file work_12.cif (mmCIF, C-alpha atoms)
data_input
#
loop_
_atom_site.label_atom_id
_atom_site.label_comp_id
_atom_site.auth_asym_id
_atom_site.auth_seq_id
_atom_site.Cartn_x
_atom_site.Cartn_y
_atom_site.Cartn_z
CA MET A 1 -56.45 24.78 -5.77
CA LYS A 2 -58.34 21.84 -4.30
CA ARG A 3 -57.73 20.06 -1.01
CA PRO A 4 -57.32 16.27 -1.44
CA ASP A 5 -60.41 14.37 -0.45
CA ASN A 6 -59.14 10.91 0.43
CA LYS A 7 -57.06 9.92 3.44
CA MET A 8 -53.99 8.72 1.54
CA GLU A 9 -53.82 11.73 -0.73
CA GLU A 10 -54.30 14.07 2.21
CA HIS A 11 -51.46 12.35 4.03
CA GLU A 12 -49.18 12.88 1.04
CA TRP A 13 -50.31 16.50 0.84
CA ILE A 14 -49.39 17.10 4.50
CA GLU A 15 -46.16 15.21 4.05
CA ARG A 16 -45.09 17.35 1.09
CA TYR A 17 -45.60 20.43 3.26
CA ALA A 18 -43.77 18.89 6.22
CA LEU A 19 -40.81 17.94 4.05
CA GLY A 20 -40.75 21.35 2.31
CA ARG A 21 -41.56 19.86 -1.10
CA MET A 22 -44.41 22.26 -2.05
CA SER A 23 -44.43 25.16 -4.49
CA VAL A 24 -44.91 28.65 -3.02
CA GLU A 25 -48.49 28.70 -4.21
CA GLU A 26 -49.28 25.29 -2.70
CA ASN A 27 -47.58 26.36 0.49
CA LEU A 28 -49.80 29.41 0.88
CA HIS A 29 -52.91 27.36 0.17
CA PHE A 30 -51.86 24.76 2.76
CA GLU A 31 -51.23 27.40 5.41
CA ASP A 32 -54.67 28.88 4.75
CA GLU A 33 -56.20 25.46 5.27
CA ILE A 34 -54.35 24.97 8.57
CA LYS A 35 -55.81 28.19 9.92
CA LYS A 36 -59.29 26.91 9.15
CA ASP A 37 -58.85 23.29 10.24
CA VAL A 38 -57.57 22.39 13.72
CA GLN A 39 -57.61 18.70 12.84
CA LEU A 40 -55.27 19.34 9.89
CA ALA A 41 -52.93 21.36 12.11
CA GLN A 42 -52.86 18.47 14.58
CA GLU A 43 -52.08 15.95 11.84
CA LEU A 44 -49.29 18.17 10.55
CA LYS A 45 -47.81 18.42 14.04
CA GLU A 46 -47.89 14.65 14.45
CA LEU A 47 -46.28 14.06 11.10
CA GLN A 48 -43.59 16.65 11.78
CA GLU A 49 -42.79 15.00 15.09
CA THR A 50 -42.70 11.57 13.47
CA TYR A 51 -40.30 12.73 10.77
CA ARG A 52 -38.24 14.55 13.38
CA LEU A 53 -37.84 11.28 15.27
CA ILE A 54 -36.91 9.40 12.10
CA LYS A 55 -34.27 12.00 11.24
CA GLU A 56 -32.89 11.89 14.77
CA ALA A 57 -32.81 8.09 14.64
CA PHE A 58 -30.70 8.18 11.48
CA LEU A 59 -28.35 10.76 12.98
CA GLU A 60 -28.04 8.66 16.15
CA GLU A 61 -27.35 5.57 14.11
CA SER A 62 -24.64 7.36 12.21
CA ALA A 63 -23.17 8.83 15.43
CA ILE A 64 -23.06 5.41 17.13
CA SER A 65 -21.42 3.78 14.15
CA THR A 66 -18.79 6.59 14.07
CA ILE A 67 -18.01 6.12 17.78
CA GLN A 68 -17.86 2.34 17.39
CA ARG A 69 -15.48 2.70 14.46
CA LEU A 70 -13.20 4.98 16.51
CA GLN A 71 -13.34 2.59 19.46
CA ALA A 72 -12.55 -0.37 17.20
CA ASP A 73 -9.62 1.53 15.68
CA ASP A 74 -8.30 2.23 19.16
CA SER A 75 -8.57 -1.36 20.32
CA GLY A 76 -6.94 -2.47 17.07
CA ILE A 77 -3.92 -0.31 17.86
CA SER A 78 -3.70 -1.47 21.44
CA LYS A 79 -3.76 -5.10 20.26
CA THR A 80 -1.19 -4.59 17.59
CA VAL A 81 1.35 -2.70 19.65
CA PRO A 82 2.05 -5.36 22.29
CA LEU A 83 2.15 -8.13 19.67
CA TYR A 84 4.59 -6.11 17.64
CA ARG A 85 6.61 -5.42 20.75
CA TYR A 86 6.67 -9.06 21.76
CA PHE A 87 7.80 -10.03 18.29
CA PHE A 88 10.47 -7.35 18.29
CA LEU A 89 11.69 -8.33 21.77
CA ALA A 90 11.80 -12.00 20.85
CA ALA A 91 13.70 -11.27 17.63
CA ALA A 92 16.12 -8.97 19.47
CA SER A 93 16.70 -11.53 22.24
CA VAL A 94 17.37 -14.33 19.76
CA THR A 95 19.78 -12.10 17.82
CA ILE A 96 21.65 -11.07 20.98
CA LEU A 97 21.87 -14.68 22.17
CA PHE A 98 23.12 -15.85 18.79
CA ILE A 99 25.73 -13.07 18.56
CA SER A 100 26.86 -13.80 22.13
CA TYR A 101 27.16 -17.46 21.25
CA LEU A 102 29.22 -16.66 18.14
CA SER A 103 31.39 -14.16 20.05
CA LEU A 104 32.06 -16.06 23.23
CA SER A 105 32.02 -19.74 22.51
CA MET A 106 35.11 -21.57 21.37
CA PRO A 107 35.12 -23.01 17.84
CA GLU A 108 34.93 -26.77 17.93
CA PHE A 109 36.65 -29.02 15.44
CA PRO A 110 36.04 -32.66 14.60
CA ASP A 111 38.26 -35.10 16.42
CA SER A 112 41.51 -35.53 14.56
CA GLU A 113 42.36 -39.06 13.78
CA ASN A 114 44.09 -40.02 16.95
CA ASP A 115 46.35 -42.50 15.37
CA PHE A 116 49.77 -42.73 13.97
CA THR A 117 48.76 -41.92 10.40
CA VAL A 118 49.71 -38.30 10.84
CA VAL A 119 52.11 -38.37 7.99
CA ARG A 120 52.10 -40.30 4.77
CA SER A 121 54.33 -43.27 5.45
CA THR A 122 53.32 -44.63 8.74
CA ASN A 123 53.78 -47.74 10.60
CA ALA A 124 51.98 -47.82 13.87
CA THR A 125 54.67 -49.71 15.69
CA THR A 126 57.78 -48.26 14.16
CA MET A 127 57.11 -44.56 13.89
CA PRO A 128 60.15 -42.50 12.88
CA PRO A 129 61.22 -39.85 15.41
CA ASP A 130 60.44 -36.84 13.11
CA GLN A 131 56.90 -38.11 12.59
CA ARG A 132 56.50 -38.69 16.29
CA ILE A 133 57.57 -35.06 16.87
CA ILE A 134 54.92 -33.73 14.46
CA PHE A 135 52.28 -35.92 16.03
CA ASP A 136 53.25 -34.69 19.51
CA GLN A 137 53.31 -31.05 18.37
CA PHE A 138 49.76 -31.31 17.04
CA PHE A 139 48.26 -32.71 20.22
CA GLU A 140 50.38 -30.42 22.38
CA GLY A 141 48.99 -27.49 20.37
CA GLN A 142 45.46 -28.69 21.04
CA ALA A 143 46.26 -28.94 24.73
CA HIS A 144 47.67 -25.39 24.72
CA ILE A 145 44.48 -24.06 23.12
CA VAL A 146 42.39 -25.76 25.79
CA GLU A 147 44.64 -24.31 28.51
CA GLY A 148 44.50 -20.83 26.95
CA GLN A 149 48.19 -20.72 26.07
CA TYR A 150 47.60 -19.49 22.56
CA VAL A 151 51.13 -18.24 21.76
CA MET A 152 52.46 -21.68 22.61
CA ALA A 153 49.72 -23.24 20.48
CA VAL A 154 50.75 -21.02 17.54
CA ARG A 155 54.30 -22.34 17.82
CA ASN A 156 53.08 -25.94 17.96
CA PHE A 157 50.89 -25.72 14.87
CA GLU A 158 53.42 -23.68 12.89
CA LYS A 159 55.92 -26.41 13.66
CA VAL A 160 53.47 -29.06 12.43
CA LEU A 161 52.89 -27.18 9.20
CA GLU A 162 56.61 -26.87 8.48
CA SER A 163 56.56 -30.51 7.49
CA ASP A 164 55.94 -31.07 3.80
CA ASN A 165 54.96 -34.66 4.24
CA LEU A 166 51.54 -34.24 5.90
CA ARG A 167 48.36 -35.85 4.70
CA PRO A 168 45.89 -33.19 3.42
CA TYR A 169 43.38 -34.08 6.12
CA PHE A 170 45.93 -33.57 8.89
CA ARG A 171 47.37 -30.41 7.25
CA GLU A 172 43.89 -28.82 7.14
CA ALA A 173 43.22 -29.81 10.75
CA ALA A 174 46.47 -28.14 11.80
CA GLN A 175 45.63 -25.01 9.78
CA TRP A 176 42.17 -24.68 11.35
CA HIS A 177 43.71 -25.02 14.79
CA LEU A 178 46.34 -22.46 13.87
CA ILE A 179 43.64 -19.98 12.80
CA VAL A 180 42.11 -20.27 16.26
CA ALA A 181 45.49 -19.95 17.91
CA TYR A 182 46.27 -16.79 15.89
CA LEU A 183 42.83 -15.38 16.63
CA LYS A 184 43.07 -15.97 20.35
CA SER A 185 46.65 -14.76 20.60
CA GLY A 186 45.63 -11.49 18.90
CA ASP A 187 47.32 -12.04 15.51
CA LEU A 188 44.20 -11.16 13.56
CA ALA A 189 45.92 -10.46 10.24
CA ARG A 190 47.36 -13.97 10.04
CA ALA A 191 44.16 -15.53 11.29
CA GLN A 192 42.22 -13.73 8.57
CA GLN A 193 44.76 -14.63 5.89
CA LEU A 194 44.69 -18.29 6.75
CA TYR A 195 40.90 -18.33 7.10
CA LYS A 196 40.54 -16.98 3.55
CA ARG A 197 42.09 -20.17 2.19
CA PHE A 198 39.12 -22.11 3.48
CA GLU A 199 36.38 -19.67 2.53
CA ASP A 200 35.82 -21.12 -0.94
CA CYS A 201 37.33 -24.51 -0.31
CA VAL A 202 35.46 -27.18 -2.28
CA GLU A 203 37.68 -30.19 -1.89
CA CYS A 204 38.59 -29.81 1.76
CA GLU A 205 38.91 -33.06 3.61
CA TYR A 206 38.77 -31.79 7.17
CA GLN A 207 35.11 -30.75 7.50
CA VAL A 208 34.40 -27.85 9.84
CA SER A 209 30.70 -27.15 10.41
CA SER A 210 29.11 -23.90 9.20
CA VAL A 211 28.39 -22.72 12.75
CA ASN A 212 32.07 -23.10 13.68
CA ARG A 213 33.15 -21.30 10.50
CA TRP A 214 30.72 -18.48 11.40
CA LYS A 215 32.19 -18.32 14.92
CA ILE A 216 35.70 -17.86 13.55
CA TRP A 217 34.60 -15.40 10.84
CA TRP A 218 32.57 -13.36 13.36
CA GLN A 219 35.29 -13.35 16.02
CA ILE A 220 37.93 -12.19 13.51
CA HIS A 221 35.69 -9.35 12.23
CA TRP A 222 34.40 -8.40 15.65
CA LYS A 223 37.93 -8.13 17.07
CA ASN A 224 38.99 -6.13 14.01
CA LEU A 225 36.12 -3.72 14.65
CA VAL A 226 36.84 -3.41 18.34
CA MET B 1 -7.08 15.99 11.58
CA ALA B 2 -8.65 19.44 11.40
CA TYR B 3 -9.16 21.17 14.73
CA PHE B 4 -12.57 22.73 15.37
CA THR B 5 -13.38 25.21 18.10
CA ASP B 6 -16.26 24.50 20.48
CA HIS B 7 -18.42 26.97 18.56
CA GLU B 8 -17.68 25.23 15.27
CA ILE B 9 -18.53 21.87 16.80
CA ILE B 10 -21.94 23.17 17.92
CA GLU B 11 -22.58 24.57 14.45
CA MET B 12 -21.61 21.28 12.84
CA ILE B 13 -24.04 19.38 15.07
CA LEU B 14 -26.83 21.87 14.41
CA LYS B 15 -26.50 21.30 10.65
CA GLU B 16 -28.25 17.98 11.29
CA GLU B 17 -26.22 16.35 8.57
CA SER B 18 -24.38 13.07 9.14
CA ARG B 19 -21.03 14.02 7.69
CA SER B 20 -20.48 17.21 9.68
CA GLN B 21 -21.96 15.62 12.83
CA ASN B 22 -19.52 12.69 12.53
CA ALA B 23 -16.53 14.98 12.01
CA ALA B 24 -17.52 16.77 15.24
CA ILE B 25 -17.88 13.43 17.05
CA GLU B 26 -14.46 12.36 15.86
CA GLN B 27 -12.87 15.41 17.47
CA LEU B 28 -14.92 15.01 20.66
CA TYR B 29 -13.79 11.40 20.82
CA HIS B 30 -10.10 12.21 20.53
CA GLN B 31 -10.37 15.05 23.05
CA ASN B 32 -12.39 13.25 25.72
CA GLU B 33 -12.05 9.49 25.36
CA LYS B 34 -9.11 9.12 27.76
CA VAL B 35 -10.65 11.27 30.50
CA ILE B 36 -13.99 9.47 30.29
CA THR B 37 -12.35 6.04 30.29
CA GLN B 38 -10.32 7.02 33.35
CA LEU B 39 -13.49 8.23 35.07
CA VAL B 40 -15.16 4.86 34.47
CA PHE B 41 -12.08 2.98 35.68
CA ASN B 42 -11.98 5.11 38.83
CA LYS B 43 -15.56 4.14 39.51
CA GLY B 44 -14.76 0.45 39.16
CA GLY B 45 -15.92 0.02 35.57
CA ASN B 46 -14.08 -1.70 32.75
CA LYS B 47 -13.23 -0.88 29.14
CA SER B 48 -16.59 -2.11 27.88
CA ASP B 49 -18.46 0.07 30.43
CA ALA B 50 -16.37 3.04 29.30
CA ARG B 51 -17.31 2.44 25.68
CA ASP B 52 -21.03 2.19 26.42
CA LEU B 53 -20.92 5.26 28.60
CA PHE B 54 -19.08 7.25 25.96
CA GLN B 55 -21.72 6.39 23.35
CA ASP B 56 -24.59 7.36 25.66
CA MET B 57 -22.83 10.55 26.69
CA ILE B 58 -22.41 11.66 23.08
CA ILE B 59 -26.01 10.80 22.16
CA ILE B 60 -27.29 12.83 25.12
CA PHE B 61 -24.99 15.70 24.20
CA LEU B 62 -26.17 15.72 20.56
CA LYS B 63 -29.78 15.77 21.73
CA LYS B 64 -29.11 18.61 24.16
CA VAL B 65 -27.43 20.66 21.45
CA ARG B 66 -30.19 20.06 18.88
CA SER B 67 -32.96 20.78 21.35
CA GLY B 68 -31.26 24.04 22.32
CA GLU B 69 -30.84 22.92 25.95
CA PHE B 70 -27.09 23.27 25.68
CA LEU B 71 -25.91 26.79 24.98
CA LEU B 72 -22.26 27.57 24.78
CA ASN B 73 -21.55 30.42 27.20
CA GLU B 74 -18.42 32.51 27.24
CA ASN B 75 -16.81 30.50 30.02
CA ALA B 76 -18.24 27.16 29.05
CA LYS B 77 -16.40 24.28 27.49
CA ILE B 78 -17.91 21.29 25.78
CA SER B 79 -15.47 18.96 27.55
CA THR B 80 -16.69 20.19 30.98
CA TYR B 81 -20.28 19.58 29.98
CA LEU B 82 -19.47 16.12 28.63
CA TYR B 83 -17.66 15.24 31.84
CA ALA B 84 -20.68 16.29 33.88
CA ILE B 85 -22.95 14.12 31.71
CA ALA B 86 -20.51 11.21 32.11
CA ILE B 87 -20.44 11.56 35.92
CA ASN B 88 -24.21 11.51 36.08
CA LEU B 89 -24.54 8.59 33.72
CA SER B 90 -21.98 6.71 35.73
CA LEU B 91 -23.85 7.45 38.96
CA LYS B 92 -27.04 6.20 37.41
CA ARG B 93 -25.38 2.99 36.28
CA ASN B 94 -24.08 2.31 39.74
CA GLN B 95 -27.58 2.74 41.12
CA SER B 96 -28.55 -0.88 40.60
CA GLN B 97 -25.29 -2.22 41.99
CA ASN B 98 -24.46 0.26 44.64
CA SER B 99 -26.61 1.04 47.64
CA SER B 100 -24.69 4.26 48.24
CA TYR B 101 -26.40 5.72 45.20
CA GLN B 102 -29.04 7.41 47.33
CA ARG B 103 -26.36 9.05 49.46
CA ASN B 104 -24.59 10.38 46.35
CA LEU B 105 -27.83 11.69 45.02
CA ARG B 106 -28.54 13.56 48.25
CA PHE B 107 -25.00 14.89 48.16
CA LEU B 108 -25.43 16.16 44.63
CA GLU B 109 -28.78 17.71 45.49
CA ASN B 110 -27.26 19.56 48.39
CA GLN B 111 -24.22 20.77 46.53
CA ASP B 112 -24.23 24.54 46.47
CA GLN B 113 -21.61 25.07 43.86
CA THR B 114 -22.06 23.50 40.48
CA MET B 115 -20.35 24.25 37.24
CA PRO B 116 -22.27 26.75 35.08
CA ASP B 117 -22.81 24.15 32.35
CA ASP B 118 -23.62 21.21 34.59
CA PRO B 119 -26.86 19.54 33.65
CA ASP B 120 -29.00 19.08 36.76
CA PRO B 121 -28.11 15.54 37.87
CA LEU B 122 -31.62 14.68 38.95
CA ASP B 123 -33.11 16.06 35.83
CA LEU B 124 -30.68 14.11 33.70
CA MET B 125 -31.27 10.87 35.56
CA ILE B 126 -35.03 11.08 35.47
CA GLU B 127 -34.97 12.13 31.87
CA LYS B 128 -32.74 9.21 30.95
CA GLU B 129 -35.02 6.83 32.78
CA MET B 130 -37.99 7.87 30.67
CA ASP B 131 -36.13 8.85 27.57
CA MET B 132 -35.54 6.27 24.92
CA ARG B 133 -33.19 6.88 22.10
CA SER B 134 -34.92 7.87 18.88
CA LEU B 135 -33.12 4.99 17.22
CA GLU B 136 -34.55 2.50 19.72
CA ILE B 137 -38.06 3.78 19.02
CA PHE B 138 -37.53 3.69 15.28
CA LYS B 139 -36.30 0.11 15.55
CA MET B 140 -39.64 -0.90 17.07
CA LEU B 141 -40.91 -0.89 13.48
CA ASP B 142 -40.63 -4.02 11.32
CA TYR B 143 -37.36 -4.25 9.46
CA ASN B 144 -39.13 -3.72 6.09
CA ASP B 145 -40.86 -0.57 7.35
CA GLN B 146 -37.54 0.77 8.65
CA GLU B 147 -35.84 0.17 5.32
CA LEU B 148 -38.73 1.69 3.39
CA LEU B 149 -38.63 4.90 5.44
CA ARG B 150 -34.84 4.97 5.17
CA ALA B 151 -35.10 4.78 1.38
CA PHE B 152 -37.73 7.53 1.28
CA ILE B 153 -36.16 9.96 3.79
CA GLU B 154 -32.44 9.27 3.82
CA GLU B 155 -31.93 8.25 0.22
CA LYS B 156 -34.79 10.41 -1.10
CA LEU B 157 -35.90 7.72 -3.54
CA SER B 158 -39.12 8.23 -5.51
CA MET B 159 -42.09 5.90 -4.99
CA GLU B 160 -41.33 4.25 -8.35
CA GLU B 161 -37.74 3.52 -7.27
CA ILE B 162 -38.93 2.23 -3.90
CA ALA B 163 -41.43 -0.07 -5.65
CA VAL B 164 -38.62 -1.54 -7.78
CA ARG B 165 -36.21 -1.96 -4.85
CA PHE B 166 -38.74 -3.59 -2.53
CA GLY B 167 -40.47 -5.61 -5.25
CA TYR B 168 -43.87 -3.89 -4.88
CA GLU B 169 -46.37 -4.03 -7.71
CA ASN B 170 -46.29 -0.31 -8.43
CA ALA B 171 -45.68 3.16 -6.94
CA ASP B 172 -49.19 3.21 -5.40
CA THR B 173 -48.41 0.07 -3.41
CA ALA B 174 -45.17 1.69 -2.26
CA LYS B 175 -47.09 4.82 -1.19
CA ASN B 176 -49.56 2.72 0.71
CA ARG B 177 -46.79 0.79 2.52
CA LYS B 178 -44.98 4.00 3.41
CA TYR B 179 -48.21 5.56 4.71
CA ARG B 180 -48.79 2.55 6.95
CA ALA B 181 -45.21 2.60 8.21
CA VAL B 182 -45.45 6.29 9.16
CA LYS B 183 -48.79 5.71 10.88
CA LYS B 184 -47.36 2.74 12.79
CA LEU B 185 -44.49 4.84 14.04
CA GLY B 186 -46.94 7.62 15.03
CA LYS B 187 -48.91 5.04 17.02
CA ILE B 188 -45.77 3.86 18.84
CA MET B 189 -44.87 7.46 19.66
CA ARG B 190 -48.35 8.13 21.02
CA ARG B 191 -48.07 5.06 23.22
CA LEU B 192 -44.77 6.40 24.54
CA LYS B 193 -46.47 9.76 25.03
CA LEU B 194 -44.09 11.45 22.63
CA ILE B 195 -47.09 12.81 20.70
CA ASP B 196 -50.17 14.26 22.40
#

call {"tool": "encode", "arguments": {"input": "work_12.cif", "output": "C-alpha cells"}}
result
Amino acid sequence: MKRPDNKMEEHEWIERYALGRMSVEENLHFEDEIKKDVQLAQELKELQETYRLIKEAFLEESAISTIQRLQADDSGISKTVPLYRYFFLAAASVTILFISYLSLSMPEFPDSENDFTVVRSTNATTMPPDQRIIFDQFFEGQAHIVEGQYVMAVRNFEKVLESDNLRPYFREAAQWHLIVAYLKSGDLARAQQLYKRFEDCVECEYQVSSVNRWKIWWQIHWKNLV
Amino acid sequence: MAYFTDHEIIEMILKEESRSQNAAIEQLYHQNEKVITQLVFNKGGNKSDARDLFQDMIIIFLKKVRSGEFLLNENAKISTYLYAIAINLSLKRNQSQNSSYQRNLRFLENQDQTMPDDPDPLDLMIEKEMDMRSLEIFKMLDYNDQELLRAFIEEKLSMEEIAVRFGYENADTAKNRKYRAVKKLGKIMRRLKLID
C-alpha cells in the first residue's frame, strides 16, 4: 500500500481516516504511518479538530433553530389567547346586551292613525256614539299600557275588538296592543295564541318592525321558561 | 410528549445526532423555560433577554455535556445545573450595565457553599468571554464554503453530486474547493488559538 504523494491526495487520505471511511487494511497502514511521521499526526489532529468544530456548529445550529421554534410556538399561543378572549368577551357582551334589550324594553308600535277613521263609515264631524266609544277605548288602552295598568288595557282592547265594523288596519293595531297587554298582565297563553296569527302574516296592513316582533316573541318564550 | 429522565437526556445529547439532541432540548425547554424567564424578569430583563439567555444556556450546557465537563451525579439534577448557568450568564450580561457586578463577583467568589453541580462562576464567565460558539466560527467562512462543507459532511454527498449541485466542472474541482474550505477553516481556528 502506497502513501499518496501529492498534497491534495494526502489530505483526502487523512480525511478518510478522520471520518472513519477506510478499510481495515488501509486503517492499519495509516496508523503505521502516523507512528513514523509526526507531521502527519499533527495534520490528522488539526483535521479532526476542524471536523469536530463543523459537527458542533451543525448541532448548535439545529439546537438554536429548535429553541427558536419552541419560543415562537409559545409566543404564538400567548398572542392568540388574549385575542380569542377579547373576541369571546365582545361577542358575549353584545349577546347579553341584545338579550337584555329584547327582555326589558317595551315593544313599540307605529302611531295609530289619530283620526276619526277608526271604523268604516266615518264622518269627522258627526261621529256616531258607538264609534266614539271604540275610538276612546283604543286610546284609553294605550294610556293604560303606558301607565302599567295592563289588566285595564286588556279590557279596553278586547272591547275594541268586539266591534265587527273595524278597518283591518285598526283591528291589527288593536290586536298587537292586546298581545302586549296580555303579555304584561301575565296571560301568556292568550298572548301566544294571538301572536301566532301574525307570525306568517303576508297581507298585514299594520306594520310592526322585526325588532319589535322579536321583543314580543322573546318575552313570551322567556316568561314561559321562567 | 415522551418524558425522559436526566440520564436519558444526557445519553441523547451524547449521541451527537440532531434528532435525539432536539428531542432532549424540547423537554429541557418545557421543564425550565418558565423558571429561567422568571429569573431574567427578576433581574430586570425582558422577554427578549430571556429568550437569548435560554439559547445561550442550552448551548453552553450541550457543550459541557459533550466535553464531559458535566457529569450527572447521584444527587444532581440537570435543572439545577441549568439554573446555575443561567444565573452566571445573567450576571455577566449585567456587567456592562451594572456597576455592582464587581461586588456580586466578589460575593460569589467568597461563597463557601455552592451546589455540587454549580459551574464555577468565574470560570464560566471567563470561558464565555473567550469562547465563541462553533457556529459563529463556522459562519466566518464564505457562504459557498459553508454550504459545500454542509453538503459533504451533513448530507454526505459524493464529490460528483457536489459538483452537480454547485455547478463545478467536475468532481476534481469540487474536491479542490472542499480542500480549500477546510484549510480556510483550519486557518481561522489557528488564529483563534483553537488549534496549536

call {"tool": "closest_residue", "arguments": {"input": "work_12.cif", "among": "B:Arg66, B:Ile162, B:Phe61, B:Ile188", "to": "Glu147 (chain B)", "atoms": "only C-alpha atoms"}}
result
B:Ile162

call {"tool": "closest_atom_pairs", "arguments": {"input": "work_12.cif", "of": "chain A", "to": "chain B", "cutoff": "9 Å", "atoms": "all atoms listed in the file", "output": "tab-separated table"}}
result
residue	atom	partner	partner_atom	distance
A:Met8	CA	B:Tyr179	CA	7.3
A:His11	CA	B:Tyr179	CA	7.6
A:Glu12	CA	B:Tyr179	CA	8.2
A:Lys45	CA	B:Ile195	CA	8.7
A:Glu46	CA	B:Ile195	CA	6.6
A:Leu47	CA	B:Gly186	CA	7.6
A:Glu49	CA	B:Ile195	CA	7.4
A:Thr50	CA	B:Gly186	CA	6.0
A:Tyr51	CA	B:Val182	CA	8.4
A:Leu53	CA	B:Ser134	CA	5.8
A:Ile54	CA	B:Phe138	CA	6.6
A:Lys55	CA	B:Ile153	CA	8.0
A:Glu56	CA	B:Ser134	CA	6.1
A:Ala57	CA	B:Leu135	CA	4.0
A:Phe58	CA	B:Leu135	CA	7.0
A:Leu59	CA	B:Ser18	CA	6.0
A:Glu60	CA	B:Leu135	CA	6.4
A:Glu61	CA	B:Leu135	CA	6.6
A:Ser62	CA	B:Ser18	CA	6.5
A:Ala63	CA	B:Asn22	CA	6.1
A:Ile64	CA	B:Gln55	CA	6.4
A:Thr66	CA	B:Asn22	CA	6.3
A:Ile67	CA	B:Gln55	CA	6.7
A:Gln68	CA	B:Gln55	CA	8.2
A:Leu70	CA	B:Glu26	CA	7.5
A:Gln71	CA	B:Arg51	CA	7.4

call {"tool": "residues_near_point", "arguments": {"input": "work_12.cif", "point": "(-39.8, 7.9, -1.1)", "cutoff": "10 Å", "atoms": "only C-alpha atoms", "output": "VMD selection string"}}
result
chain B and resid 148 to 163 171 174 to 175 178

call {"tool": "atom_distance", "arguments": {"input": "work_12.cif", "atom1": "CA of Asp37 (chain A)", "atom2": "CA of Thr173 (chain B)"}}
result
28.9 Å

call {"tool": "atom_distance", "arguments": {"input": "work_12.cif", "atom1": "CA of Phe109 (chain A)", "atom2": "CA of Asn156 (chain A)"}}
result
16.9 Å

call {"tool": "residues_around", "arguments": {"input": "work_12.cif", "residues": "Ser209 (chain A)", "least_positions_apart": "6", "cutoff": "10 Å", "atoms": "all atoms listed in the file", "output": "short mmCIF file (atom, residue, chain, number, x, y, z; two decimals) with C-alpha atoms, in the frame of the given file"}}
result
data_model
loop_
_atom_site.label_atom_id
_atom_site.label_comp_id
_atom_site.auth_asym_id
_atom_site.auth_seq_id
_atom_site.Cartn_x
_atom_site.Cartn_y
_atom_site.Cartn_z
CA PRO A 107 35.12 -23.01 17.84
CA GLU A 108 34.93 -26.77 17.93
CA PHE A 109 36.65 -29.02 15.44
CA PRO A 110 36.04 -32.66 14.60
#

call {"tool": "atom_distance", "arguments": {"input": "work_12.cif", "atom1": "CA of Arg190 (chain A)", "atom2": "CA of Ile133 (chain A)"}}
result
24.4 Å

call {"tool": "residues_around", "arguments": {"input": "work_12.cif", "residues": "Glu26 (chain A)", "least_positions_apart": "6", "cutoff": "10 Å", "atoms": "all atoms listed in the file", "output": "PDB file with C-alpha atoms, in the coordinates of the input"}}
result
ATOM      1  CA  MET A   1     -56.450  24.780  -5.770  1.00  0.00           C
ATOM      2  CA  LYS A   2     -58.340  21.840  -4.300  1.00  0.00           C
ATOM      3  CA  TRP A  13     -50.310  16.500   0.840  1.00  0.00           C
ATOM      4  CA  ARG A  16     -45.090  17.350   1.090  1.00  0.00           C
ATOM      5  CA  TYR A  17     -45.600  20.430   3.260  1.00  0.00           C
ATOM      6  CA  ASP A  32     -54.670  28.880   4.750  1.00  0.00           C
TER       7      ASP A  32
END

call {"tool": "closest_residue", "arguments": {"input": "work_12.cif", "among": "B:Leu53, B:Leu91, B:Ala2, B:Val40", "to": "Gln27 (chain B)", "atoms": "only C-alpha atoms"}}
result
B:Ala2

call {"tool": "residues_around", "arguments": {"input": "work_12.cif", "residues": "Leu225 (chain A)", "least_positions_apart": "6", "cutoff": "12 Å", "atoms": "all atoms listed in the file", "output": "PyMOL selection string"}}
result
chain A and resi 188+218-219
